[in-house]
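To be precise, the following lines are coords31.pdb, and they hold PDB, C-alpha atoms.
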```pdb
ATOM      1  CA  THR G   1       0.000   0.000   0.000
ATOM      2  CA  SER G   2       0.985   3.651  -0.336
ATOM      3  CA  SER G   3       0.696   6.206   2.456
ATOM      4  CA  ASP G   4       0.004   8.928  -0.125
ATOM      5  CA  PRO G   5      -1.626   7.885  -3.408
ATOM      6  CA  SER G   6      -1.184  11.458  -4.718
ATOM      7  CA  VAL G   7       2.566  10.735  -4.817
ATOM      8  CA  ALA G   8       2.557   7.036  -5.658
ATOM      9  CA  SER G   9      -0.312   4.621  -6.167
ATOM     10  CA  ILE G  10      -0.163   0.820  -6.148
ATOM     11  CA  SER G  11      -2.272  -1.626  -8.075
ATOM     12  CA  GLY G  12      -1.303  -5.247  -7.484
ATOM     13  CA  ASN G  13       2.455  -5.193  -7.687
ATOM     14  CA  THR G  14       2.615  -2.131  -9.981
ATOM     15  CA  LEU G  15       3.661   1.219  -8.535
ATOM     16  CA  THR G  16       2.675   4.361 -10.452
ATOM     17  CA  ILE G  17       4.162   7.792  -9.786
ATOM     18  CA  THR G  18       1.334  10.313  -9.545
ATOM     19  CA  GLY G  19       3.005  13.453  -8.202
ATOM     20  CA  ALA G  20       5.941  15.049  -6.411
ATOM     21  CA  GLY G  21       6.475  14.453  -2.707
ATOM     22  CA  SER G  22       7.231  11.588  -0.342
ATOM     23  CA  ALA G  23       5.228   8.468   0.398
ATOM     24  CA  ASP G  24       5.770   5.328   2.403
ATOM     25  CA  ILE G  25       5.387   2.102   0.445
ATOM     26  CA  ILE G  26       4.290  -0.649   2.808
ATOM     27  CA  ALA G  27       4.486  -4.358   2.035
ATOM     28  CA  LYS G  28       2.550  -6.704   4.314
ATOM     29  CA  GLN G  29       2.324 -10.464   4.643
ATOM     30  CA  PRO G  30      -0.284 -11.640   7.156
ATOM     31  CA  GLY G  31       1.434 -14.955   7.828
ATOM     32  CA  ASN G  32      -0.079 -18.412   8.187
ATOM     33  CA  ASP G  33      -0.153 -21.319  10.589
ATOM     34  CA  THR G  34       3.585 -21.745  10.197
ATOM     35  CA  PHE G  35       4.869 -18.188   9.745
ATOM     36  CA  GLY G  36       4.005 -15.019  11.560
ATOM     37  CA  GLY G  37       2.967 -11.871   9.749
ATOM     38  CA  ALA G  38       5.600  -9.574   8.273
ATOM     39  CA  GLU G  39       5.667  -5.919   7.287
ATOM     40  CA  LYS G  40       8.298  -3.830   5.469
ATOM     41  CA  LYS G  41       8.226  -0.101   4.801
ATOM     42  CA  ALA G  42      10.271   1.960   2.364
ATOM     43  CA  THR G  43      10.045   5.674   1.605
ATOM     44  CA  ILE G  44       9.944   6.946  -1.951
ATOM     45  CA  THR G  45      10.715  10.583  -2.734
ATOM     46  CA  VAL G  46       9.613  12.053  -6.058
ATOM     47  CA  SER G  47      11.264  15.327  -7.050
ATOM     48  CA  LYS G  48       9.397  18.083  -8.824
ATOM     49  CA  ALA G  49       9.863  18.264 -12.580
ATOM     50  CA  VAL G  50      11.825  21.300 -13.749
ATOM     51  CA  ALA G  51      10.003  23.711 -16.056
ATOM     52  CA  THR G  52      11.467  26.669 -17.930
ATOM     53  CA  VAL G  53      10.199  30.162 -17.118
ATOM     54  CA  SER G  54      10.509  32.860 -19.789
ATOM     55  CA  LEU G  55       9.858  36.601 -19.414
ATOM     56  CA  SER G  56       8.845  39.118 -22.064
ATOM     57  CA  GLY G  57       7.506  42.666 -22.148
ATOM     58  CA  LEU G  58      10.484  43.912 -20.146
ATOM     59  CA  SER G  59      10.948  47.172 -22.088
ATOM     60  CA  VAL G  60       7.916  49.466 -22.226
ATOM     61  CA  SER G  61       7.058  53.161 -22.097
ATOM     62  CA  TYR G  62       5.101  55.049 -19.470
ATOM     63  CA  ASP G  63       1.435  55.696 -20.200
ATOM     64  CA  GLY G  64      -0.020  55.773 -16.698
ATOM     65  CA  ASN G  65      -1.116  52.129 -16.729
ATOM     66  CA  PRO G  66       0.379  49.189 -14.784
ATOM     67  CA  LYS G  67       3.021  47.302 -16.781
ATOM     68  CA  PRO G  68       2.906  43.578 -15.900
ATOM     69  CA  VAL G  69       5.534  41.367 -17.513
ATOM     70  CA  THR G  70       4.435  38.401 -19.608
ATOM     71  CA  VAL G  71       5.416  35.005 -18.185
ATOM     72  CA  THR G  72       5.399  31.739 -20.119
ATOM     73  CA  THR G  73       6.295  28.250 -18.909
ATOM     74  CA  SER G  74       7.411  25.201 -20.852
ATOM     75  CA  PRO G  75       7.168  22.350 -21.639
ATOM     76  CA  VAL G  76       3.892  22.720 -19.724
ATOM     77  CA  SER G  77       2.208  26.047 -20.427
ATOM     78  CA  GLY G  78       0.005  27.995 -18.069
ATOM     79  CA  LEU G  79       1.649  26.890 -14.820
ATOM     80  CA  LYS G  80       0.801  29.019 -11.804
ATOM     81  CA  VAL G  81       3.557  31.514 -11.011
ATOM     82  CA  VAL G  82       4.318  34.145  -8.401
ATOM     83  CA  THR G  83       5.713  37.378  -9.839
ATOM     84  CA  LEU G  84       7.372  39.937  -7.560
ATOM     85  CA  TYR G  85       8.474  43.439  -8.545
ATOM     86  CA  GLY G  86      11.123  45.631  -6.933
ATOM     87  CA  ALA G  87      14.009  45.013  -4.578
ATOM     88  CA  SER G  88      13.874  41.956  -2.320
ATOM     89  CA  PRO G  89      11.543  40.807  -0.888
ATOM     90  CA  GLY G  90       9.550  42.350  -3.735
ATOM     91  CA  SER G  91       5.869  43.110  -4.118
ATOM     92  CA  ALA G  92       3.045  41.661  -6.178
ATOM     93  CA  THR G  93       1.950  45.220  -7.036
ATOM     94  CA  VAL G  94       2.582  45.888 -10.721
ATOM     95  CA  PRO G  95       4.487  49.158 -11.255
ATOM     96  CA  SER G  96       3.242  51.900 -13.562
ATOM     97  CA  GLY G  97       5.779  54.714 -13.100
ATOM     98  CA  ALA G  98       8.916  55.163 -15.156
ATOM     99  CA  GLY G  99      11.993  53.406 -13.764
ATOM    100  CA  SER G 100      13.804  50.076 -13.523
ATOM    101  CA  TYR G 101      12.313  47.264 -11.470
ATOM    102  CA  PRO G 102      13.960  43.924 -10.607
ATOM    103  CA  ILE G 103      11.639  41.018 -11.405
ATOM    104  CA  SER G 104      11.582  37.575  -9.798
ATOM    105  CA  VAL G 105       9.225  34.835 -10.942
ATOM    106  CA  SER G 106       8.810  31.384  -9.416
ATOM    107  CA  ILE G 107       6.509  28.495 -10.268
ATOM    108  CA  ASP G 108       3.933  27.747  -7.581
ATOM    109  CA  GLU G 109       2.906  24.181  -8.380
ATOM    110  CA  ARG G 110       3.081  20.900  -6.501
ATOM    111  CA  ASN G 111       4.699  18.965  -9.332
ATOM    112  CA  TYR G 112       6.839  21.590 -11.070
ATOM    113  CA  SER G 113       9.618  23.952 -10.090
ATOM    114  CA  GLY G 114      11.358  26.726 -11.944
ATOM    115  CA  SER G 115      12.215  30.401 -11.679
ATOM    116  CA  ALA G 116      13.475  33.352 -13.655
ATOM    117  CA  ALA G 117      14.720  36.867 -12.971
ATOM    118  CA  GLY G 118      14.927  39.991 -15.069
ATOM    119  CA  THR G 119      14.527  43.760 -15.051
ATOM    120  CA  LEU G 120      11.427  45.649 -16.133
ATOM    121  CA  VAL G 121      12.347  49.005 -17.661
ATOM    122  CA  VAL G 122       9.547  51.564 -17.956
ATOM    123  CA  ALA G 123      10.923  54.399 -20.081
ATOM    124  CA  LYS G 124       9.814  57.984 -19.665
ATOM    125  CA  ALA G 125       7.206  59.097 -22.175
ATOM    126  CA  SER G 126       7.722  61.874 -24.693
ATOM    127  CA  GLN G 127       5.675  65.062 -24.661
ATOM    128  CA  GLY G 128       5.121  68.048 -26.914
ATOM    129  CA  ILE G 129       3.988  71.657 -26.587
ATOM    130  CA  PRO G 130       1.315  72.946 -28.939
ATOM    131  CA  PHE G 131       2.032  76.711 -29.018
ATOM    132  CA  GLY G 132       0.416  78.772 -31.744
ATOM    133  CA  THR G 133       1.698  81.844 -33.567
ATOM    134  CA  LEU G 134       1.465  85.246 -31.863
ATOM    135  CA  ALA G 135      -0.469  88.128 -33.380
ATOM    136  CA  THR G 136       1.304  91.391 -34.034
ATOM    137  CA  LYS G 137       0.868  93.895 -31.209
ATOM    138  CA  SER G 138       1.222  97.640 -30.718
ATOM    139  CA  VAL G 139       3.500  98.938 -28.003
ATOM    140  CA  SER G 140       0.476 100.670 -26.505
ATOM    141  CA  ASP G 141      -1.499  97.448 -26.121
ATOM    142  CA  ALA G 142      -2.331  96.199 -22.642
ATOM    143  CA  PRO G 143      -0.601  93.143 -21.153
ATOM    144  CA  PHE G 144      -2.066  89.937 -22.557
ATOM    145  CA  SER G 145      -2.105  86.256 -21.685
ATOM    146  CA  ILE G 146      -0.577  83.493 -23.772
ATOM    147  CA  SER G 147      -1.407  79.829 -23.504
ATOM    148  CA  GLY G 148       0.394  76.619 -24.247
ATOM    149  CA  THR G 149      -0.224  73.205 -22.815
ATOM    150  CA  SER G 150       1.995  70.172 -22.897
ATOM    151  CA  SER G 151       0.578  66.927 -24.227
ATOM    152  CA  SER G 152       1.396  65.405 -20.823
ATOM    153  CA  GLY G 153      -0.742  67.945 -18.986
ATOM    154  CA  LEU G 154       2.307  69.278 -17.137
ATOM    155  CA  PRO G 155       2.563  73.075 -16.740
ATOM    156  CA  VAL G 156       4.393  75.077 -19.403
ATOM    157  CA  GLY G 157       6.772  77.947 -18.696
ATOM    158  CA  PHE G 158       7.319  80.984 -20.931
ATOM    159  CA  SER G 159      10.330  83.243 -21.406
ATOM    160  CA  SER G 160      11.287  86.234 -23.537
ATOM    161  CA  SER G 161      14.474  86.629 -25.565
ATOM    162  CA  ASN G 162      14.417  90.378 -24.914
ATOM    163  CA  PRO G 163      12.550  91.614 -21.839
ATOM    164  CA  LEU G 164      13.229  95.219 -22.935
ATOM    165  CA  VAL G 165      10.780  94.654 -25.788
ATOM    166  CA  ALA G 166       8.363  92.274 -24.060
ATOM    167  CA  SER G 167       8.636  90.773 -20.610
ATOM    168  CA  VAL G 168       6.896  87.616 -19.411
ATOM    169  CA  SER G 169       5.589  86.857 -15.923
ATOM    170  CA  GLY G 170       3.864  83.506 -15.673
ATOM    171  CA  ASN G 171       1.805  83.504 -18.848
ATOM    172  CA  VAL G 172       1.289  87.275 -19.060
ATOM    173  CA  VAL G 173       3.237  89.297 -21.626
ATOM    174  CA  THR G 174       3.843  92.986 -21.008
ATOM    175  CA  LEU G 175       4.897  95.105 -23.972
ATOM    176  CA  ARG G 176       7.808  97.474 -23.269
ATOM    177  CA  ALA G 177       9.068  98.815 -26.581
ATOM    178  CA  ALA G 178       8.759  98.399 -30.310
ATOM    179  CA  GLY G 179      10.716  95.553 -31.829
ATOM    180  CA  SER G 180      10.740  91.833 -32.382
ATOM    181  CA  VAL G 181      11.170  89.217 -29.667
ATOM    182  CA  ASN G 182      11.003  85.428 -29.354
ATOM    183  CA  ILE G 183       8.608  84.005 -26.773
ATOM    184  CA  THR G 184       9.644  80.464 -25.849
ATOM    185  CA  ALA G 185       7.454  77.789 -24.268
ATOM    186  CA  SER G 186       9.226  75.018 -22.361
ATOM    187  CA  GLN G 187       8.430  72.059 -20.140
ATOM    188  CA  PRO G 188      11.351  70.452 -18.221
ATOM    189  CA  GLY G 189       9.823  67.002 -17.768
ATOM    190  CA  SER G 190       9.068  64.961 -14.654
ATOM    191  CA  ASP G 191       9.610  61.535 -13.147
ATOM    192  CA  ASN G 192       7.497  60.037 -15.922
ATOM    193  CA  PHE G 193       8.024  62.391 -18.883
ATOM    194  CA  ASN G 194      11.086  63.534 -20.773
ATOM    195  CA  ALA G 195      11.585  67.251 -21.250
ATOM    196  CA  ALA G 196       9.613  68.624 -24.179
ATOM    197  CA  ASP G 197      11.316  70.310 -27.102
ATOM    198  CA  SER G 198      11.041  74.050 -26.529
ATOM    199  CA  VAL G 199       8.840  75.959 -28.987
ATOM    200  CA  SER G 200       9.593  79.593 -29.890
ATOM    201  CA  ARG G 201       7.227  82.047 -31.553
ATOM    202  CA  THR G 202       8.111  85.521 -32.816
ATOM    203  CA  LEU G 203       6.202  88.460 -31.371
ATOM    204  CA  VAL G 204       6.305  91.689 -33.370
ATOM    205  CA  VAL G 205       5.646  94.868 -31.392
ATOM    206  CA  GLU G 206       4.873  97.832 -33.600
ATOM    207  CA  PRO G 207       5.637 101.408 -32.554
ATOM    208  CA  LEU G 208       2.983 104.005 -31.970
ATOM    209  CA  PRO G 209       1.810 105.675 -35.170
ATOM    210  CA  PRO G 210       3.146 109.204 -35.664
ATOM    211  CA  ASP G 211       0.947 112.000 -34.345
ATOM    212  CA  PHE G 212       0.503 114.726 -36.981
ATOM    213  CA  SER G 213      -2.010 116.713 -35.019
ATOM    214  CA  LEU G 214      -1.193 120.430 -34.475
TER     215      LEU G 214
END
```

Let me see whether you can do it: turn the structure in this file into structure tokens.
Amino acid sequence: TSSDPSVASISGNTLTITGAGSADIIAKQPGNDTFGGAEKKATITVSKAVATVSLSGLSVSYDGNPKPVTVTTSPVSGLKVVTLYGASPGSATVPSGAGSYPISVSIDERNYSGSAAGTLVVAKASQGIPFGTLATKSVSDAPFSISGTSSSGLPVGFSSSNPLVASVSGNVVTLRAAGSVNITASQPGSDNFNAADSVSRTLVVEPLPPDFSL
């Protein structure tokens, strides 16, 4: 008989391996009028089969969503695995932010073992700044607001190439003198976004018209 048929089962004198683990195999002879009964026990240990664990999807870009790695097992597919992200001991929480994350994966099955390690790299996303052309102004015009938004939703900063012609505070442009000046929109980036390419627009400030009144 077998102490654990899930490891080894016996039918007649045939022993069949049914899973990994240890089981006692017990042979009994009840005896007869001449001989007493006898019993013998032996332990059989069945090791887990080794499966290969492969990882993919290790290089992705940030988009605000969790970035789970793809795990495959062979020669048996679909084995249950435990995937941990981050430095030891790791976490089952799937990261979404840009960065590099150590990955450890291990098979969680009674009859199979196997593991793999890798690094998930979530690259920063790119962003742009839509910033339209600027209408010509007169030096006598009142301060005016300009707008520009980054595709990431991060705030945009503005600067002037010549504050003596037009100065910028926040997103408000104040005209100082006649001339031409470049207004530049920029966004330096964040933990999850690369810096945007700066966008410059030319602002022409016209002088006051001559006064011919007497």

Given the PyMOL selection byres ((chain G and resi 54) around 7), the residues it picks as a list of chain:residue names: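 For this structure, the PyMOL selection byres ((chain G and resi 54) around 7) resolves to G:Thr52, G:Val53, G:Leu55, G:Ser56, G:Val71, G:Thr72, G:Thr73, G:Ala116.
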
Atom-to-atom span, atom CA of Gly37 of chain G and atom CA of Leu15 of chain G, Å: 22.5 Å

Phe144 of chain G surroundings by only C-alpha atoms, 10 Å radius, close-in-sequence under 3 positions cut, as a VMD selection string: chain G and resid 137 141 168 171 to 175

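Here atom CA of Ile107 of chain G stands at a distance of 6.3 Å from atom CA of Val82 of chain G.
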
Near-Tyr101 of chain G list (6 Å; all atoms listed in the file; drop same-chain fewer than 6 positions) as a list of chain:residue names: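 In the requested format, the answer is G:Gly86, G:Thr119, G:Leu120.
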
Can you give me, as a PDB file with C-alpha atoms, in the frame of the given file, the residues this file yields under the PyMOL selection byres ((chain G and resi 114) around 12)?
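Okay, this is what ended up in expr.pdb:
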```pdb
ATOM      1  CA  LYS G  48       9.397  18.083  -8.824  1.00  0.00           C
ATOM      2  CA  ALA G  49       9.863  18.264 -12.580  1.00  0.00           C
ATOM      3  CA  VAL G  50      11.825  21.300 -13.749  1.00  0.00           C
ATOM      4  CA  ALA G  51      10.003  23.711 -16.056  1.00  0.00           C
ATOM      5  CA  THR G  52      11.467  26.669 -17.930  1.00  0.00           C
ATOM      6  CA  VAL G  53      10.199  30.162 -17.118  1.00  0.00           C
ATOM      7  CA  SER G  54      10.509  32.860 -19.789  1.00  0.00           C
ATOM      8  CA  VAL G  71       5.416  35.005 -18.185  1.00  0.00           C
ATOM      9  CA  THR G  72       5.399  31.739 -20.119  1.00  0.00           C
ATOM     10  CA  THR G  73       6.295  28.250 -18.909  1.00  0.00           C
ATOM     11  CA  SER G  74       7.411  25.201 -20.852  1.00  0.00           C
ATOM     12  CA  PRO G  75       7.168  22.350 -21.639  1.00  0.00           C
ATOM     13  CA  VAL G  76       3.892  22.720 -19.724  1.00  0.00           C
ATOM     14  CA  LEU G  79       1.649  26.890 -14.820  1.00  0.00           C
ATOM     15  CA  LYS G  80       0.801  29.019 -11.804  1.00  0.00           C
ATOM     16  CA  VAL G  81       3.557  31.514 -11.011  1.00  0.00           C
ATOM     17  CA  VAL G  82       4.318  34.145  -8.401  1.00  0.00           C
ATOM     18  CA  SER G 104      11.582  37.575  -9.798  1.00  0.00           C
ATOM     19  CA  VAL G 105       9.225  34.835 -10.942  1.00  0.00           C
ATOM     20  CA  SER G 106       8.810  31.384  -9.416  1.00  0.00           C
ATOM     21  CA  ILE G 107       6.509  28.495 -10.268  1.00  0.00           C
ATOM     22  CA  ASP G 108       3.933  27.747  -7.581  1.00  0.00           C
ATOM     23  CA  GLU G 109       2.906  24.181  -8.380  1.00  0.00           C
ATOM     24  CA  ARG G 110       3.081  20.900  -6.501  1.00  0.00           C
ATOM     25  CA  ASN G 111       4.699  18.965  -9.332  1.00  0.00           C
ATOM     26  CA  TYR G 112       6.839  21.590 -11.070  1.00  0.00           C
ATOM     27  CA  SER G 113       9.618  23.952 -10.090  1.00  0.00           C
ATOM     28  CA  SER G 115      12.215  30.401 -11.679  1.00  0.00           C
ATOM     29  CA  ALA G 116      13.475  33.352 -13.655  1.00  0.00           C
ATOM     30  CA  ALA G 117      14.720  36.867 -12.971  1.00  0.00           C
TER      31      ALA G 117
END
```

Within 12 Å of (5.6, 9.7, -14.7) in the file's own coordinates, which protein, DNA or RNA residues have an atom, counting only C-alpha atoms? List them as an mmCIF file with C-alpha atoms, keeping the file's coordinate frame.
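To be explicit, this is the file written out as point-v9.cif:
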```cif
data_model
loop_
_atom_site.group_PDB
_atom_site.id
_atom_site.type_symbol
_atom_site.label_atom_id
_atom_site.label_comp_id
_atom_site.auth_asym_id
_atom_site.auth_seq_id
_atom_site.Cartn_x
_atom_site.Cartn_y
_atom_site.Cartn_z
ATOM 1 C CA VAL G 7 2.566 10.735 -4.817
ATOM 2 C CA ALA G 8 2.557 7.036 -5.658
ATOM 3 C CA SER G 9 -0.312 4.621 -6.167
ATOM 4 C CA LEU G 15 3.661 1.219 -8.535
ATOM 5 C CA THR G 16 2.675 4.361 -10.452
ATOM 6 C CA ILE G 17 4.162 7.792 -9.786
ATOM 7 C CA THR G 18 1.334 10.313 -9.545
ATOM 8 C CA GLY G 19 3.005 13.453 -8.202
ATOM 9 C CA ALA G 20 5.941 15.049 -6.411
ATOM 10 C CA VAL G 46 9.613 12.053 -6.058
ATOM 11 C CA SER G 47 11.264 15.327 -7.050
ATOM 12 C CA LYS G 48 9.397 18.083 -8.824
ATOM 13 C CA ALA G 49 9.863 18.264 -12.580
ATOM 14 C CA ASN G 111 4.699 18.965 -9.332
#
```

Counting only C-alpha atoms, the option among G:Thr83, G:Ser61, G:Ser100, G:Ser180 closest to Ser126 of chain G: G:Ser61

Segment 190-202 of chain G surroundings by all atoms listed in the file, 8 Å radius, close-in-sequence under 2 positions cut, as a VMD selection string: chain G and resid 62 97 to 98 123 to 129 131 to 134 150 152 180 to 188 204

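Omitting Ile44 of chain G and its sequence neighbours fewer than 2 positions away, and counting only C-alpha atoms, the residues within 7 Å are Ser22, Ala23, Asp24, Ala42 and Val46 of chain G.
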
Given the PyMOL selection byres ((chain G and resi 93) around 12), the residues it picks as a list in words: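 Evaluating the PyMOL selection byres ((chain G and resi 93) around 12) on these coordinates yields Pro66, Lys67, Pro68, Val69, Val82, Thr83, Leu84, Tyr85, Gly86, Gly90, Ser91, Ala92, Val94, Pro95, Ser96, Gly97, Tyr101 and Ile103 of chain G.
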
Pairwise distance for atom CA of Gly36 of chain G and atom CA of Ile10 of chain G, rounded to one decimal in Å: 24.1 Å

Applying 8 Å and only C-alpha atoms, which residues near Glu206 of chain G remain after dropping the ones on its own chain fewer than 2 positions away? List them as a PDB file with C-alpha atoms, in the frame of the given file.
```
ATOM      1  CA  THR G 136       1.304  91.391 -34.034  1.00  0.00           C
ATOM      2  CA  LYS G 137       0.868  93.895 -31.209  1.00  0.00           C
ATOM      3  CA  SER G 138       1.222  97.640 -30.718  1.00  0.00           C
ATOM      4  CA  VAL G 139       3.500  98.938 -28.003  1.00  0.00           C
ATOM      5  CA  ALA G 178       8.759  98.399 -30.310  1.00  0.00           C
ATOM      6  CA  GLY G 179      10.716  95.553 -31.829  1.00  0.00           C
ATOM      7  CA  VAL G 204       6.305  91.689 -33.370  1.00  0.00           C
ATOM      8  CA  LEU G 208       2.983 104.005 -31.970  1.00  0.00           C
TER       9      LEU G 208
END
```

Answer as a list of chain:residue names, residues within 12 Å of (2.6, -9.7, 1.8) using all atoms listed in the file: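 Checked against the point, the hits come out as G:Thr1, G:Gly12, G:Asn13, G:Ile26, G:Ala27, G:Lys28, G:Gln29, G:Pro30, G:Gly31, G:Asn32, G:Phe35, G:Gly36, G:Gly37, G:Ala38, G:Glu39, G:Lys40, G:Lys41.
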
Report, as lines of an AutoDock Vina configuration file, the centre and edge lengths in Å (one decimal) of the axis-aligned box enclosing every listed atom of segment 17-25 of chain G, padded by 4 Å on each side.
```
center_x = 4.3
center_y = 8.6
center_z = -3.7
size_x = 13.9
size_y = 20.9
size_z = 20.2
```

Which of G:Gly170, G:Ser140, G:Thr34, G:Thr43 sits closest to Ser3 of chain G [using all atoms listed in the file]: G:Thr43
